[in-house]
Every structure is written in structure tokens, then in C-alpha cells.
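The structure appears below as C-alpha cells.
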Amino acid sequence: MKQLNIITQNTCDTTYINKAGSILINTHTKKIGLIYRHKQQDFSFPKGHQEENETPLECAKRETIEETQRDVEILTSLQIQEYLSKKGKHITVHWFLAKDKGPTAQIIEEDLKHDLIWIDFDKVVETLSYDNLKELFKSNTQVINDFLNS
């Protein structure tokens with residue numbers, strides 16, 4: 001699929017949405033950061049909509065900082081997932097691996113924040129709410145382990 005330079009594009013009655021997010025790791029505690037979204041009552045990795053003129057990497061970093069209130073360093077690109085939303089929108093998500101750098105000094109709007117929950121590596125799959133995120137984690141366990149143990 002051709003990469004879009006804007007957040008959404010309508011083509012033949014199909015809406016395409018670009019997002020980016022990260023799997024957040026803490027190399028000191030060896031834990032994985034998940035967000036708990038109260039509105040959806042789910043556990044997820046931080047991610048969100050790509051803004052106009054923003055790269056997927058920039059989006060992943062911004063969204064992770066906003067949703068977790070933690071500064072992060074993007075370590076590597078992981079993969080791209082594509083799926084149809086319940087409303088029939090074609091979603092493309094660029095996933096990255098990010099390292100926790102501690103609390104952010106940025107002022108984050110309250111409606112952008114979610115609860116950050118640090119989970120043991122072996123509990124991540126059973127904690128995540130969505131199958132596609134479970135598969136994302138499972139397919140990247142070696143890369144995540146390599147960075148956690150480096």
C-alpha cells in the first residue's frame with residue numbers, strides 16, 4: 001500500500017488512516033509498558049493517529065509520550081500492521097520499539113493521558129486486550145529480549 005502524507009484519505013468510499021505506536025520497555029526493570037484506557041476498558045500499547053507532515057517515527061514517539069507521560073527513545077522499527085476497523089476503515093499502524101527514559105517534563109493534556117502499567121515480560125500476551133497486539137508482541141519477542149538484555 002502506498003504511504004500517505006496525510007492522516008486520512010477517502011478513496012472509493014474507503015477511509016485510510018495512518019497510525020503509529022510503540023512497545024515500551026524499561027531496561028532496568030525488564031518490564032513492558034502497557035496503557036490502560038478507561039473509556040475502552042482495555043490494555044494496549046501506546047499508539048495514535050499520524051498528524052499531517054509527521055513521520056511514523058515522530059508519531060510513535062509523540063503518542064507514546066502523550067499517553068504514558070514518559071520520555072522515550074525509539075530504538076528500532078518493528079513492523080507494519082494493517083487491518084479494517086469495526087467501522088470499515090483501513091488502518092495502517094507503524095510499530096516501533098521504545099525505551100523508557102523517565103518521566104517527561106512536557107505538559108500533557110489530561111484527555112491524552114492513560115494509565116501506564118508495567119507488566120512482566122511473560123504476562124504481556126495474557127494482559128493485552130486485542131489479538132493483533134498479542135501477535136505483534138509474540139512476533140517480536142526476540143528483538144524485545146535482545147534490547148532488554150543488552
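A note on labels: chains of the C-alpha cells are A, B, ... as shown, every chain counts residues from 1, and ligands are counted from 1 in their shown order.
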- Message: Please list as a VMD selection string every residue within 9 Å of stretch 36-42 of chain A, counting only C-alpha atoms and excluding residues in the same chain fewer than 5 positions away.
- Response: chain A and resid 113 to 117 128 to 130
Save the residues we just selected, C-alpha atoms, as a CSV table (one decimal), in the first residue's frame?
chain,number,residue,atom,x,y,z
A,113,LYS,CA,-3.2,10.5,29.1
A,114,HIS,CA,-3.8,6.9,30.0
A,115,ASP,CA,-2.7,4.8,33.0
A,116,LEU,CA,0.8,3.3,32.4
A,117,ILE,CA,1.0,-0.3,33.8
A,128,LEU,CA,-3.3,-7.4,26.2
A,129,SER,CA,-6.9,-7.0,25.1
A,130,TYR,CA,-6.5,-7.5,21.4
- Show which residues sit within 10 Å of A:Arg62, as JSON, numbers by chain. Count only C-alpha atoms, and ignore same-chain residues fewer than 5 positions away. {"A": [20, 21, 46, 47, 48, 50, 54, 56, 57, 67, 71, 72]}
Could the residues in this selection be saved with N, CA and C atoms as a PDB file, in the first residue's frame?
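So the final result, stored in selection-v9.pdb, reads:
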ATOM      1  N   ALA A  20       0.699   5.244  14.377  1.00  0.00           N
ATOM      2  CA  ALA A  20       1.992   4.703  14.793  1.00  0.00           C
ATOM      3  C   ALA A  20       1.979   4.538  16.298  1.00  0.00           C
ATOM      4  N   GLY A  21       2.780   3.576  16.767  1.00  0.00           N
ATOM      5  CA  GLY A  21       2.838   3.328  18.194  1.00  0.00           C
ATOM      6  C   GLY A  21       4.105   2.588  18.552  1.00  0.00           C
ATOM      7  N   PRO A  46       0.822   1.976  23.550  1.00  0.00           N
ATOM      8  CA  PRO A  46       0.521   3.352  23.146  1.00  0.00           C
ATOM      9  C   PRO A  46       0.622   3.520  21.625  1.00  0.00           C
ATOM     10  N   LYS A  47      -0.383   4.160  21.058  1.00  0.00           N
ATOM     11  CA  LYS A  47      -0.384   4.449  19.621  1.00  0.00           C
ATOM     12  C   LYS A  47      -1.426   5.510  19.343  1.00  0.00           C
ATOM     13  N   GLY A  48      -1.359   6.095  18.159  1.00  0.00           N
ATOM     14  CA  GLY A  48      -2.361   7.088  17.791  1.00  0.00           C
ATOM     15  C   GLY A  48      -2.211   7.538  16.355  1.00  0.00           C
ATOM     16  N   GLN A  50      -1.457   9.559  13.042  1.00  0.00           N
ATOM     17  CA  GLN A  50      -0.354  10.331  12.484  1.00  0.00           C
ATOM     18  C   GLN A  50      -0.885  11.669  12.014  1.00  0.00           C
ATOM     19  N   GLU A  54       3.931  14.606   9.625  1.00  0.00           N
ATOM     20  CA  GLU A  54       4.622  13.898  10.697  1.00  0.00           C
ATOM     21  C   GLU A  54       5.021  12.517  10.175  1.00  0.00           C
ATOM     22  N   PRO A  56       6.044   8.468  10.620  1.00  0.00           N
ATOM     23  CA  PRO A  56       5.586   7.443  11.557  1.00  0.00           C
ATOM     24  C   PRO A  56       6.427   7.405  12.840  1.00  0.00           C
ATOM     25  N   LEU A  57       7.744   7.557  12.732  1.00  0.00           N
ATOM     26  CA  LEU A  57       8.599   7.563  13.916  1.00  0.00           C
ATOM     27  C   LEU A  57       8.250   8.721  14.842  1.00  0.00           C
ATOM     28  N   GLU A  67       0.609   9.485  25.894  1.00  0.00           N
ATOM     29  CA  GLU A  67      -0.243   8.502  26.556  1.00  0.00           C
ATOM     30  C   GLU A  67       0.372   7.935  27.837  1.00  0.00           C
ATOM     31  N   ASP A  71       9.252  10.112  28.868  1.00  0.00           N
ATOM     32  CA  ASP A  71      10.125  10.378  27.733  1.00  0.00           C
ATOM     33  C   ASP A  71      10.627   9.048  27.197  1.00  0.00           C
ATOM     34  N   VAL A  72      10.801   8.985  25.888  1.00  0.00           N
ATOM     35  CA  VAL A  72      11.196   7.719  25.273  1.00  0.00           C
ATOM     36  C   VAL A  72      12.263   7.943  24.213  1.00  0.00           C
TER      37      VAL A  72
END
- Task: Mind checking which residues fall within 9 Å of stretch 92-107 of chain A, counting only C-alpha atoms, ignoring those fewer than 6 positions away in the same chain, and posting them as a VMD selection string?
- Result: chain A and resid 16 to 27 33 47 to 49 56 to 57 60 to 61 64 to 66 68 to 84 136 143 to 144 147
- strand (DSSP E or B) call set, DSSP backbone run, stretch 34-111 of chain A, as JSON, numbers by chain: {"A": [34, 35, 36, 37, 42, 43, 44, 47, 48, 49, 70, 71, 72, 73, 74, 75, 76, 77, 78, 79, 80, 81, 82, 83, 84, 90, 91, 92, 93, 94, 95, 96, 97, 98, 99, 100, 101, 102, 103]}
- Task: Go through stretch 103-141 of chain A and collect every residue that DSSP, computed from the backbone, puts in helix (DSSP H, G or I); the answer should be as an NGL selection string.
- Result: :A and (110-112 or 121-127 or 131-139 or 141)
- Using only C-alpha atoms: which of A:Thr29, A:Lys86, A:Thr55, A:Ile91 has the shortest distance to A:Thr15: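 Using only C-alpha atoms, A:Thr15 sits closest to A:Ile91.
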